[in-house]
file model-v3.txt (compact mmCIF, C-alpha atoms)
# COMPACT_ATOMS: atom_id res chain seq x y z
CA MET A 1 84.84 115.56 -155.51
CA GLU A 2 85.48 118.59 -157.72
CA GLU A 3 88.02 118.30 -160.49
CA ILE A 4 90.93 120.71 -160.40
CA PRO A 5 91.02 122.54 -163.71
CA GLU A 6 94.70 122.53 -164.47
CA GLU A 7 94.19 123.91 -167.94
CA TYR A 8 93.25 127.26 -166.45
CA GLU A 9 96.42 127.70 -164.46
CA GLY A 10 98.21 130.60 -166.05
CA GLY A 11 95.42 130.93 -168.60
CA ILE A 12 92.64 133.50 -168.83
CA VAL A 13 92.11 135.49 -165.66
CA LYS A 14 88.77 137.15 -165.20
CA LYS A 15 87.33 139.15 -162.36
CA PHE A 16 84.52 137.34 -160.60
CA MET A 17 82.21 139.06 -158.16
CA TYR A 18 79.95 137.03 -155.90
CA VAL A 19 77.08 139.07 -154.53
CA ASN A 20 75.35 137.80 -151.41
CA ARG A 21 72.12 139.49 -150.43
CA ARG A 22 70.44 136.71 -148.48
CA ALA A 23 70.31 135.71 -144.85
CA PRO A 24 72.14 132.46 -144.11
CA HIS A 25 69.84 129.77 -142.71
CA GLY A 26 66.30 130.35 -143.95
CA THR A 27 67.24 129.20 -147.45
CA ILE A 28 70.21 127.32 -148.92
CA TYR A 29 71.37 130.13 -151.22
CA ALA A 30 74.11 131.39 -148.90
CA GLN A 31 75.53 127.93 -148.24
CA GLU A 32 75.58 126.94 -151.90
CA SER A 33 77.00 130.32 -152.84
CA LEU A 34 79.93 129.64 -150.55
CA GLU A 35 80.44 126.28 -152.28
CA VAL A 36 80.83 128.13 -155.59
CA VAL A 37 83.41 130.44 -154.05
CA LEU A 38 85.43 127.51 -152.71
CA VAL A 39 85.43 125.64 -156.02
CA GLY A 40 86.08 128.86 -157.94
CA ALA A 41 89.19 129.49 -155.85
CA ALA A 42 90.93 126.58 -157.60
CA PHE A 43 90.69 128.41 -160.93
CA ASP A 44 93.09 131.22 -160.01
CA GLN A 45 90.69 133.95 -160.99
CA GLU A 46 90.40 137.35 -159.33
CA VAL A 47 87.60 137.11 -156.83
CA SER A 48 85.62 139.62 -154.79
CA ILE A 49 82.78 138.74 -152.45
CA VAL A 50 80.18 141.34 -151.60
CA PHE A 51 77.75 141.13 -148.70
CA MET A 52 74.82 143.50 -148.76
CA ASP A 53 71.23 143.65 -147.56
CA ASP A 54 70.51 140.46 -145.54
CA GLY A 55 73.74 138.96 -146.90
CA VAL A 56 75.60 140.70 -144.07
CA TYR A 57 73.91 138.28 -141.67
CA GLN A 58 75.94 135.47 -143.27
CA ILE A 59 79.14 136.63 -141.61
CA LEU A 60 77.84 137.43 -138.13
CA LYS A 61 79.83 135.98 -135.23
CA ASP A 62 78.62 133.23 -132.92
CA GLN A 63 76.29 131.43 -135.30
CA ASP A 64 75.41 128.03 -133.84
CA THR A 65 73.05 125.83 -135.83
CA SER A 66 73.29 122.81 -133.52
CA ALA A 67 69.74 123.22 -132.26
CA ILE A 68 68.18 123.50 -135.72
CA GLY A 69 70.20 120.67 -137.25
CA THR A 70 71.49 122.54 -140.31
CA LYS A 71 75.09 122.94 -141.35
CA ASN A 72 77.01 125.78 -139.70
CA PHE A 73 78.86 126.96 -142.77
CA SER A 74 79.58 130.37 -141.26
CA LYS A 75 82.88 128.95 -139.97
CA THR A 76 83.97 128.34 -143.55
CA PHE A 77 84.15 132.07 -144.24
CA ARG A 78 87.13 132.17 -141.91
CA ALA A 79 88.89 129.59 -144.10
CA LEU A 80 88.56 131.64 -147.29
CA GLU A 81 91.90 133.25 -146.62
CA MET A 82 93.59 129.87 -147.09
CA TYR A 83 92.02 129.73 -150.54
CA ASP A 84 93.49 133.15 -151.37
CA VAL A 85 90.02 134.66 -151.34
CA GLU A 86 90.75 137.81 -149.42
CA LYS A 87 88.60 140.52 -150.93
CA LEU A 88 85.47 140.57 -148.82
CA TYR A 89 83.36 143.70 -148.99
CA VAL A 90 80.37 144.68 -146.90
CA GLU A 91 78.04 147.52 -147.75
CA ARG A 92 78.07 150.16 -145.02
CA GLU A 93 74.42 151.12 -145.57
CA SER A 94 73.25 147.52 -145.11
CA MET A 95 75.23 147.21 -141.86
CA GLN A 96 73.90 150.48 -140.52
CA ALA A 97 70.32 149.60 -141.38
CA ARG A 98 70.69 146.36 -139.41
CA GLY A 99 72.57 147.83 -136.48
CA ILE A 100 75.65 145.74 -137.23
CA SER A 101 79.20 146.91 -136.58
CA GLU A 102 82.47 145.42 -137.79
CA ASP A 103 83.02 143.88 -134.35
CA ASP A 104 79.95 141.73 -134.92
CA LEU A 105 81.51 140.03 -137.96
CA ASN A 106 83.51 136.79 -137.90
CA VAL A 107 85.87 137.64 -140.77
CA PRO A 108 88.01 140.64 -141.68
CA VAL A 109 86.16 142.69 -144.31
CA GLU A 110 86.36 146.02 -146.01
CA VAL A 111 83.33 148.16 -145.29
CA ILE A 112 82.44 150.29 -148.31
CA THR A 113 79.54 152.48 -149.43
CA SER A 114 76.87 151.53 -151.96
CA GLU A 115 78.50 153.83 -154.46
CA GLU A 116 81.83 152.11 -153.98
CA ILE A 117 80.13 148.76 -154.51
CA GLY A 118 78.63 150.12 -157.71
CA ARG A 119 82.04 151.23 -158.95
CA LEU A 120 83.65 147.97 -157.86
CA MET A 121 80.99 145.99 -159.72
CA GLU A 122 81.88 147.82 -162.93
CA GLN A 123 85.41 146.48 -162.66
CA HIS A 124 84.24 142.87 -162.78
CA ASP A 125 83.66 140.59 -165.76
CA VAL A 126 81.36 138.03 -164.20
CA ILE A 127 78.82 138.87 -161.51
CA LEU A 128 77.16 135.90 -159.87
CA SER A 129 74.21 136.53 -157.58
CA PHE A 130 72.70 134.03 -155.20
CA MET B 1 78.80 136.67 -178.89
CA LYS B 2 79.37 133.79 -176.49
CA LEU B 3 76.83 133.74 -173.66
CA SER B 4 76.19 131.50 -170.70
CA VAL B 5 73.03 131.21 -168.66
CA VAL B 6 72.70 130.26 -164.98
CA LEU B 7 69.35 129.05 -163.71
CA ASN B 8 68.86 128.87 -159.95
CA GLU B 9 65.20 127.90 -159.62
CA GLY B 10 63.19 124.80 -160.36
CA PRO B 11 60.54 124.36 -163.04
CA TYR B 12 56.96 125.60 -162.45
CA GLN B 13 57.80 127.02 -159.01
CA HIS B 14 59.37 130.24 -160.28
CA GLN B 15 59.16 132.10 -163.58
CA ALA B 16 62.95 132.17 -163.70
CA ALA B 17 62.85 128.73 -165.35
CA ASP B 18 60.72 130.18 -168.16
CA THR B 19 62.62 133.43 -168.49
CA ALA B 20 65.93 131.59 -168.76
CA TYR B 21 64.50 129.41 -171.52
CA ASN B 22 62.94 132.31 -173.43
CA PHE B 23 66.16 134.27 -173.15
CA THR B 24 68.29 131.33 -174.32
CA ARG B 25 66.02 130.71 -177.28
CA ALA B 26 66.07 134.37 -178.29
CA ALA B 27 69.86 134.50 -178.02
CA LEU B 28 70.22 131.43 -180.23
CA ALA B 29 67.73 132.83 -182.76
CA LYS B 30 69.82 135.99 -182.96
CA GLY B 31 72.88 133.91 -183.83
CA HIS B 32 74.67 134.08 -180.50
CA GLU B 33 76.48 131.07 -179.13
CA ILE B 34 75.28 129.64 -175.83
CA PHE B 35 78.44 128.24 -174.29
CA ARG B 36 76.58 126.58 -171.43
CA VAL B 37 73.38 126.60 -169.41
CA PHE B 38 74.25 125.84 -165.79
CA PHE B 39 71.58 124.64 -163.38
CA TYR B 40 72.20 125.40 -159.72
CA HIS B 41 70.29 125.44 -156.43
CA ASP B 42 66.74 124.15 -157.11
CA GLY B 43 67.47 124.82 -160.79
CA VAL B 44 68.81 121.24 -160.95
CA ASN B 45 65.18 120.08 -160.86
CA ASN B 46 64.85 121.25 -164.45
CA GLY B 47 66.90 118.17 -165.32
CA THR B 48 64.57 115.36 -164.23
CA ARG B 49 62.79 113.42 -166.94
CA LEU B 50 60.13 112.26 -164.46
CA THR B 51 57.99 115.40 -164.51
CA THR B 52 54.49 114.98 -165.90
CA PRO B 53 52.95 118.40 -166.44
CA PRO B 54 49.28 118.63 -167.41
CA GLN B 55 48.71 118.44 -171.15
CA ASP B 56 47.53 122.03 -171.42
CA ASP B 57 50.72 123.34 -169.81
CA ARG B 58 54.24 123.76 -171.16
CA ASP B 59 56.71 120.92 -170.70
CA ILE B 60 59.66 122.78 -169.22
CA VAL B 61 62.06 119.85 -169.04
CA ASN B 62 61.33 118.58 -172.55
CA ARG B 63 61.61 122.08 -173.88
CA TRP B 64 65.22 122.25 -172.69
CA SER B 65 65.96 118.77 -174.05
CA GLN B 66 64.62 119.75 -177.45
CA LEU B 67 66.49 123.03 -177.54
CA ALA B 68 69.66 121.14 -176.57
CA GLU B 69 69.17 118.71 -179.42
CA GLU B 70 68.48 121.42 -181.98
CA HIS B 71 71.42 123.60 -180.99
CA ASP B 72 73.82 121.12 -179.44
CA LEU B 73 73.47 122.95 -176.11
CA ASP B 74 75.54 122.05 -173.08
CA LEU B 75 73.03 121.73 -170.22
CA VAL B 76 74.96 121.14 -167.02
CA VAL B 77 73.36 120.22 -163.72
CA CYS B 78 75.54 120.93 -160.68
CA ILE B 79 76.55 117.66 -159.05
CA ALA B 80 76.57 118.88 -155.45
CA ALA B 81 73.16 120.53 -155.77
CA ALA B 82 71.83 117.50 -157.71
CA GLN B 83 72.96 114.99 -155.09
CA ARG B 84 71.08 116.90 -152.39
CA ARG B 85 67.93 117.03 -154.46
CA GLY B 86 67.91 113.60 -156.02
CA ILE B 87 68.80 114.31 -159.63
CA VAL B 88 70.73 111.24 -160.70
CA ASP B 89 72.39 110.01 -163.89
CA GLU B 90 73.65 106.50 -164.56
CA ASP B 91 77.11 107.12 -163.15
CA GLU B 92 75.75 108.67 -159.99
CA GLN B 93 73.26 105.84 -159.65
CA LYS B 94 76.08 103.29 -159.69
CA ARG B 95 78.40 105.34 -157.52
CA HIS B 96 75.87 105.83 -154.74
CA GLY B 97 73.99 102.55 -155.15
CA LYS B 98 70.65 104.17 -155.98
CA ASP B 99 67.82 102.11 -157.46
CA ALA B 100 67.10 104.51 -160.33
CA ASN B 101 68.25 107.51 -162.28
CA ASN B 102 66.20 110.38 -163.62
CA ILE B 103 68.35 112.73 -165.67
CA ALA B 104 66.55 114.08 -168.71
CA LYS B 105 67.85 113.83 -172.26
CA GLY B 106 70.40 116.46 -173.16
CA PHE B 107 71.39 117.22 -169.56
CA ARG B 108 74.61 116.13 -167.90
CA ILE B 109 75.73 116.22 -164.29
CA SER B 110 79.06 117.81 -163.55
CA GLY B 111 80.96 119.91 -161.02
CA LEU B 112 80.66 123.52 -159.99
CA GLY B 113 83.87 124.09 -161.89
CA GLN B 114 81.70 124.09 -165.00
CA LEU B 115 80.05 127.27 -163.75
CA ILE B 116 83.39 128.98 -163.21
CA GLU B 117 84.57 127.77 -166.61
CA ALA B 118 81.42 129.21 -168.18
CA GLY B 119 82.33 132.55 -166.60
CA ILE B 120 85.86 132.35 -167.93
CA GLN B 121 84.95 131.25 -171.44
CA SER B 122 81.85 133.36 -172.06
CA ASP B 123 81.62 137.01 -173.02
CA ARG B 124 78.54 137.41 -170.80
CA VAL B 125 76.91 135.42 -168.03
CA VAL B 126 73.25 135.98 -167.22
CA VAL B 127 71.76 134.69 -163.97
CA PHE B 128 68.08 133.83 -163.52
CA GLY B 129 66.71 133.04 -160.10
CA ASP B 130 64.51 134.01 -157.21
CA MET C 1 82.07 150.02 -168.15
CA SER C 2 78.34 149.68 -167.91
CA ILE C 3 76.22 147.10 -166.15
CA LEU C 4 72.80 145.75 -167.03
CA HIS C 5 70.93 145.24 -163.77
CA THR C 6 67.91 142.97 -163.91
CA VAL C 7 65.19 143.29 -161.27
CA ASN C 8 62.64 140.48 -161.02
CA LYS C 9 60.86 141.32 -157.76
CA SER C 10 57.89 143.54 -157.10
CA PRO C 11 59.22 146.58 -155.23
CA PHE C 12 56.17 146.33 -152.99
CA GLU C 13 57.34 142.97 -151.69
CA LYS C 14 61.15 142.94 -151.86
CA ASN C 15 63.92 145.51 -151.78
CA SER C 16 65.72 144.42 -154.99
CA LEU C 17 64.81 147.58 -156.89
CA GLU C 18 65.84 149.79 -154.00
CA THR C 19 69.21 148.03 -153.74
CA CYS C 20 69.67 148.12 -157.47
CA LEU C 21 69.07 151.89 -157.59
CA ARG C 22 71.53 152.34 -154.72
CA ILE C 23 74.41 150.63 -156.51
CA ALA C 24 73.71 151.23 -160.22
CA MET C 25 76.19 153.78 -161.55
CA GLU C 26 75.81 156.45 -164.22
CA GLY C 27 75.53 154.90 -167.67
CA SER C 28 74.14 151.60 -166.46
CA SER C 29 70.70 150.22 -167.19
CA VAL C 30 67.95 148.55 -165.23
CA LEU C 31 65.73 145.95 -166.89
CA PHE C 32 62.48 145.03 -165.16
CA ILE C 33 61.51 141.39 -165.69
CA GLU C 34 59.02 138.94 -164.16
CA ASP C 35 57.38 140.49 -161.06
CA GLY C 36 59.92 143.29 -161.33
CA VAL C 37 57.79 144.95 -164.03
CA TYR C 38 55.41 146.23 -161.34
CA GLY C 39 58.21 148.62 -160.42
CA ALA C 40 58.03 150.25 -163.85
CA VAL C 41 54.32 151.06 -163.75
CA ASP C 42 53.23 154.68 -163.90
CA GLY C 43 51.26 156.15 -161.03
CA THR C 44 52.82 154.16 -158.18
CA SER C 45 54.49 155.50 -155.06
CA LEU C 46 57.86 154.57 -156.58
CA ASN C 47 57.69 156.92 -159.54
CA GLY C 48 59.67 159.62 -157.76
CA LYS C 49 62.58 157.28 -157.09
CA LEU C 50 62.70 156.16 -160.69
CA SER C 51 62.44 159.71 -162.03
CA ASP C 52 65.30 160.78 -159.76
CA ALA C 53 67.49 157.97 -161.06
CA GLY C 54 66.32 158.51 -164.64
CA ASN C 55 68.99 161.05 -165.49
CA ARG C 56 71.84 158.65 -164.73
CA LEU C 57 70.24 155.31 -165.59
CA LYS C 58 68.26 153.87 -168.47
CA PHE C 59 65.16 151.83 -167.69
CA TYR C 60 63.70 148.96 -169.68
CA ALA C 61 60.82 146.57 -169.04
CA LEU C 62 60.23 143.17 -170.60
CA GLY C 63 57.05 143.45 -172.71
CA PRO C 64 55.95 139.81 -172.46
CA ASP C 65 56.07 140.09 -168.65
CA LEU C 66 53.95 143.26 -168.73
CA LYS C 67 51.43 141.67 -171.05
CA ALA C 68 51.18 138.51 -168.92
CA ARG C 69 50.27 140.69 -165.95
CA GLY C 70 47.57 142.67 -167.72
CA LEU C 71 49.78 145.71 -168.15
CA SER C 72 50.08 147.48 -171.49
CA GLU C 73 53.18 149.16 -172.86
CA ASN C 74 51.47 152.46 -172.07
CA SER C 75 51.13 151.61 -168.43
CA VAL C 76 54.83 152.08 -167.69
CA MET C 77 56.52 155.37 -166.88
CA ASN C 78 57.74 157.51 -169.77
CA CYS C 79 61.36 156.90 -168.80
CA VAL C 80 60.90 153.14 -169.31
CA GLU C 81 61.42 151.59 -172.72
CA VAL C 82 59.63 148.31 -173.41
CA VAL C 83 61.69 145.52 -175.00
CA ASP C 84 61.01 141.92 -175.98
CA TYR C 85 63.31 138.91 -175.42
CA ASP C 86 65.36 139.94 -178.46
CA GLY C 87 65.78 143.33 -176.87
CA PHE C 88 66.80 141.65 -173.60
CA VAL C 89 69.54 139.77 -175.47
CA ASP C 90 70.68 143.00 -177.15
CA LEU C 91 70.88 144.72 -173.76
CA VAL C 92 73.02 141.91 -172.38
CA VAL C 93 75.35 142.20 -175.36
CA ARG C 94 75.49 145.99 -175.23
CA HIS C 95 76.51 146.16 -171.56
CA ASP C 96 79.84 144.91 -170.24
CA ALA C 97 78.27 142.65 -167.63
CA THR C 98 74.89 141.67 -166.27
CA TYR C 99 73.97 141.68 -162.59
CA ALA C 100 70.76 139.97 -161.57
CA CYS C 101 69.65 141.81 -158.44
CA LEU C 102 67.65 138.80 -157.27
call {"tool": "encode", "arguments": {"input": "model-v3.txt", "output": "structure tokens"}}
result
Amino acid sequence: MEEIPEEYEGGIVKKFMYVNRRAPHGTIYAQESLEVVLVGAAFDQEVSIVFMDDGVYQILKDQDTSAIGTKNFSKTFRALEMYDVEKLYVERESMQARGISEDDLNVPVEVITSEEIGRLMEQHDVILSF
Amino acid sequence: MKLSVVLNEGPYQHQAADTAYNFTRAALAKGHEIFRVFFYHDGVNNGTRLTTPPQDDRDIVNRWSQLAEEHDLDLVVCIAAAQRRGIVDEDEQKRHGKDANNIAKGFRISGLGQLIEAGIQSDRVVVFGD
Amino acid sequence: MSILHTVNKSPFEKNSLETCLRIAMEGSSVLFIEDGVYGAVDGTSLNGKLSDAGNRLKFYALGPDLKARGLSENSVMNCVEVVDYDGFVDLVVRHDATYACL
């Protein structure tokens, strides 16, 4: 459905940061945010994804939406690696506040502090929030 | 400077639709180039010509159409988000066998790649949403 | 590098401002817009947090949003500068990137 933008191959490379601060199923933001990441992967840009606040709930293990009838897009996070999207960061403070440990997550991530997220953000050209 | 604007909320529901417009207008008045305004999530609802706001209220959709005409703006409605929410142009109407279309003047429907391209091509991207 | 953070939520309802203050680095700015302007008002329980961050961050509030909510330019804390939409555009241009802490 999405066109592959060949003209950007080997062209300008910018650093994109996707910031996810929302829980996954109550609203569509998380799901549509993931769609941006997947399409964006075709553009060969440098990509980082940050999960903080309720965004950390997006990557919890064992999500099963069968009984509510919505799409279980949480499985797609595991496929990001195939799209060469490998830089996933989770804010330590948000995890701690929610009693979540790395074992509870369904994808490999780097757990970093708020300050490190702040510094990381400064290294990016485009920051998209959902 | 070359700027792009992302609008994630629908008209009337959230002030983001107004703030994005006021910001875009101010940027144009200051002589900046608006590379693209990208409508995502419920923001795609800004692109229907079928709204009928009360006469004593602002006409959010028309306002964008007029601004687009005056400044040759590129108003892009995300196709995936639009399909879910029933924003349809002539092509989409034919492709999916719908009995009508509703895209407003000055808007076009295209892929999420247009958002990534806006990030690559613009000096700054500003997101408005909930 | 400096980032312009926009906050559009009342800090009494959502944690956007709190998160923004946690990640905004020295030399960055915070612009209060929409319902976010309530976070800039003087005399609230949040003043301490803003004052503490005031030596590393610059604070701005969108005047039209204050006015719409019955708040005058004098109602915001001293560390907050009031700007209009032109000023908003200038802030976006002056910083290397914008992050909307929605």
call {"tool": "atom_distance", "arguments": {"input": "model-v3.txt", "atom1": "atom CA of B:Glu92", "atom2": "atom CA of B:Leu50"}}
result
16.6 Å
call {"tool": "closest_residue", "arguments": {"input": "model-v3.txt", "among": "B:Asn102, B:Gln83, B:Asn8, B:Asn46", "to": "chain A", "atoms": "all atoms listed in the file"}}
result
B:Asn8
call {"tool": "atom_distance", "arguments": {"input": "model-v3.txt", "atom1": "atom CA of A:Glu86", "atom2": "atom CA of A:Gln45"}}
result
12.2 Å
call {"tool": "atom_distance", "arguments": {"input": "model-v3.txt", "atom1": "atom CA of B:Ser110", "atom2": "atom CA of B:Phe38"}}
result
9.6 Å
call {"tool": "interface_residues", "arguments": {"input": "model-v3.txt", "of": "chain B", "to": "chain C", "cutoff": "8 Å", "atoms": "all atoms listed in the file", "output": "PyMOL selection string"}}
result
chain B and resi 1+15-16+19+22-23+26-27+30+124-130
call {"tool": "residues_around", "arguments": {"input": "model-v3.txt", "residues": "stretch 108-122 of chain A", "least_positions_apart": "5", "cutoff": "7 Å", "atoms": "all atoms listed in the file", "output": "VMD selection string"}}
result
(chain A and resid 88 to 93) or (chain C and resid 1 to 3 22 to 25)
call {"tool": "interface_residues", "arguments": {"input": "model-v3.txt", "of": "chain A", "to": "chain B", "cutoff": "12 Å", "atoms": "all atoms listed in the file", "output": "number ranges by chain"}}
result
A: 1-8, 11-19, 21-22, 27-47, 124-130
call {"tool": "residues_around", "arguments": {"input": "model-v3.txt", "residues": "A:Thr70", "least_positions_apart": "2", "cutoff": "12 Å", "atoms": "all atoms listed in the file", "output": "compact mmCIF listing (two decimals) with C-alpha atoms, in the frame of the given file"}}
result
# COMPACT_ATOMS: atom_id res chain seq x y z
CA PRO A 24 72.14 132.46 -144.11
CA HIS A 25 69.84 129.77 -142.71
CA GLY A 26 66.30 130.35 -143.95
CA THR A 27 67.24 129.20 -147.45
CA ILE A 28 70.21 127.32 -148.92
CA GLN A 31 75.53 127.93 -148.24
CA GLN A 63 76.29 131.43 -135.30
CA ASP A 64 75.41 128.03 -133.84
CA THR A 65 73.05 125.83 -135.83
CA SER A 66 73.29 122.81 -133.52
CA ALA A 67 69.74 123.22 -132.26
CA ILE A 68 68.18 123.50 -135.72
CA ASN A 72 77.01 125.78 -139.70
CA PHE A 73 78.86 126.96 -142.77
CA SER A 74 79.58 130.37 -141.26
call {"tool": "residues_around", "arguments": {"input": "model-v3.txt", "residues": "B:Trp64", "least_positions_apart": "5", "cutoff": "9 Å", "atoms": "all atoms listed in the file", "output": "ChimeraX atom specification"}}
result
/B:21,46-47,59,69,73,75,105-107
call {"tool": "residues_around", "arguments": {"input": "model-v3.txt", "residues": "stretch 41-50 of chain C", "least_positions_apart": "6", "cutoff": "7 Å", "atoms": "only C-alpha atoms", "output": "ChimeraX atom specification"}}
result
/C:75-77
call {"tool": "write_last_selection", "arguments": {"input": "model-v3.txt", "atoms": "C-alpha atoms", "output": "short mmCIF file (atom, residue, chain, number, x, y, z; two decimals), keeping the file's coordinate frame"}}
result
data_model
loop_
_atom_site.label_atom_id
_atom_site.label_comp_id
_atom_site.auth_asym_id
_atom_site.auth_seq_id
_atom_site.Cartn_x
_atom_site.Cartn_y
_atom_site.Cartn_z
CA SER C 75 51.13 151.61 -168.43
CA VAL C 76 54.83 152.08 -167.69
CA MET C 77 56.52 155.37 -166.88
#
call {"tool": "residues_near_point", "arguments": {"input": "model-v3.txt", "point": "(55.6, 143.0, -163.1)", "cutoff": "10 Å", "atoms": "only C-alpha atoms", "output": "list of chain:residue names"}}
result
C:Val7, C:Asn8, C:Lys9, C:Ser10, C:Pro11, C:Phe32, C:Ile33, C:Glu34, C:Asp35, C:Gly36, C:Val37, C:Tyr38, C:Gly39, C:Ala40, C:Val41, C:Ala61, C:Leu62, C:Gly63, C:Pro64, C:Asp65, C:Leu66, C:Lys67, C:Ala68, C:Arg69, C:Gly70, C:Leu71
call {"tool": "closest_residue", "arguments": {"input": "model-v3.txt", "among": "B:Val77, B:Ala100, B:Val37, B:Ile109", "to": "B:Arg25", "atoms": "all atoms listed in the file"}}
result
B:Val37
call {"tool": "closest_residue", "arguments": {"input": "model-v3.txt", "among": "B:Ser4, B:Tyr12, B:Asp91, B:Asp99", "to": "B:Pro53", "atoms": "all atoms listed in the file"}}
result
B:Tyr12
call {"tool": "closest_residue", "arguments": {"input": "model-v3.txt", "among": "A:Ala23, A:Ala79, A:Met52, A:Val85", "to": "chain C", "atoms": "only C-alpha atoms"}}
result
A:Met52
call {"tool": "closest_residue", "arguments": {"input": "model-v3.txt", "among": "A:Gln58, A:Ser101, A:Asn20, A:Gln96", "to": "chain C", "atoms": "all atoms listed in the file"}}
result
A:Asn20
call {"tool": "build_atoms", "arguments": {"input": "model-v3.txt", "residues": "stretch 88-108 of chain B", "atoms": "N, CA and C atoms", "output": "mmCIF file, in the frame of the given file"}}
result
data_model
loop_
_atom_site.group_PDB
_atom_site.id
_atom_site.type_symbol
_atom_site.label_atom_id
_atom_site.label_comp_id
_atom_site.auth_asym_id
_atom_site.auth_seq_id
_atom_site.Cartn_x
_atom_site.Cartn_y
_atom_site.Cartn_z
ATOM 1 N N VAL B 88 69.743 112.320 -160.614
ATOM 2 C CA VAL B 88 70.730 111.240 -160.700
ATOM 3 C C VAL B 88 70.915 110.791 -162.147
ATOM 4 N N ASP B 89 72.154 110.630 -162.581
ATOM 5 C CA ASP B 89 72.390 110.010 -163.890
ATOM 6 C C ASP B 89 72.912 108.580 -163.644
ATOM 7 N N GLU B 90 73.262 107.896 -164.713
ATOM 8 C CA GLU B 90 73.650 106.500 -164.560
ATOM 9 C C GLU B 90 74.901 106.329 -163.704
ATOM 10 N N ASP B 91 75.868 107.196 -163.936
ATOM 11 C CA ASP B 91 77.110 107.120 -163.150
ATOM 12 C C ASP B 91 76.847 107.333 -161.665
ATOM 13 N N GLU B 92 76.062 108.350 -161.376
ATOM 14 C CA GLU B 92 75.750 108.670 -159.990
ATOM 15 C C GLU B 92 74.940 107.557 -159.340
ATOM 16 N N GLN B 93 74.072 106.954 -160.148
ATOM 17 C CA GLN B 93 73.260 105.840 -159.650
ATOM 18 C C GLN B 93 74.164 104.697 -159.184
ATOM 19 N N LYS B 94 75.148 104.371 -160.036
ATOM 20 C CA LYS B 94 76.080 103.290 -159.690
ATOM 21 C C LYS B 94 76.929 103.677 -158.488
ATOM 22 N N ARG B 95 77.460 104.894 -158.550
ATOM 23 C CA ARG B 95 78.400 105.340 -157.520
ATOM 24 C C ARG B 95 77.766 105.339 -156.126
ATOM 25 N N HIS B 96 76.502 105.724 -156.062
ATOM 26 C CA HIS B 96 75.870 105.830 -154.740
ATOM 27 C C HIS B 96 74.876 104.705 -154.474
ATOM 28 N N GLY B 97 74.848 103.706 -155.360
ATOM 29 C CA GLY B 97 73.990 102.550 -155.150
ATOM 30 C C GLY B 97 72.509 102.889 -155.100
ATOM 31 N N LYS B 98 72.073 103.801 -155.953
ATOM 32 C CA LYS B 98 70.650 104.170 -155.980
ATOM 33 C C LYS B 98 69.899 103.186 -156.885
ATOM 34 N N ASP B 99 68.578 103.103 -156.690
ATOM 35 C CA ASP B 99 67.820 102.110 -157.460
ATOM 36 C C ASP B 99 67.280 102.677 -158.781
ATOM 37 N N ALA B 100 67.602 103.927 -159.077
ATOM 38 C CA ALA B 100 67.100 104.510 -160.330
ATOM 39 C C ALA B 100 67.905 105.741 -160.695
ATOM 40 N N ASN B 101 67.716 106.186 -161.908
ATOM 41 C CA ASN B 101 68.250 107.510 -162.280
ATOM 42 C C ASN B 101 67.139 108.268 -162.980
ATOM 43 N N ASN B 102 67.302 109.571 -163.092
ATOM 44 C CA ASN B 102 66.200 110.380 -163.620
ATOM 45 C C ASN B 102 66.636 111.552 -164.491
ATOM 46 N N ILE B 103 67.886 111.577 -164.886
ATOM 47 C CA ILE B 103 68.350 112.730 -165.670
ATOM 48 C C ILE B 103 67.658 112.756 -167.030
ATOM 49 N N ALA B 104 67.257 113.930 -167.438
ATOM 50 C CA ALA B 104 66.550 114.080 -168.710
ATOM 51 C C ALA B 104 67.547 114.140 -169.867
ATOM 52 N N LYS B 105 67.041 113.842 -171.046
ATOM 53 C CA LYS B 105 67.850 113.830 -172.260
ATOM 54 C C LYS B 105 68.482 115.217 -172.493
ATOM 55 N N GLY B 106 69.744 115.197 -172.839
ATOM 56 C CA GLY B 106 70.400 116.460 -173.160
ATOM 57 C C GLY B 106 71.062 117.135 -171.982
ATOM 58 N N PHE B 107 70.756 116.661 -170.763
ATOM 59 C CA PHE B 107 71.390 117.220 -169.560
ATOM 60 C C PHE B 107 72.565 116.346 -169.156
ATOM 61 N N ARG B 108 73.559 116.934 -168.523
ATOM 62 C CA ARG B 108 74.610 116.130 -167.900
ATOM 63 C C ARG B 108 74.914 116.696 -166.525
#
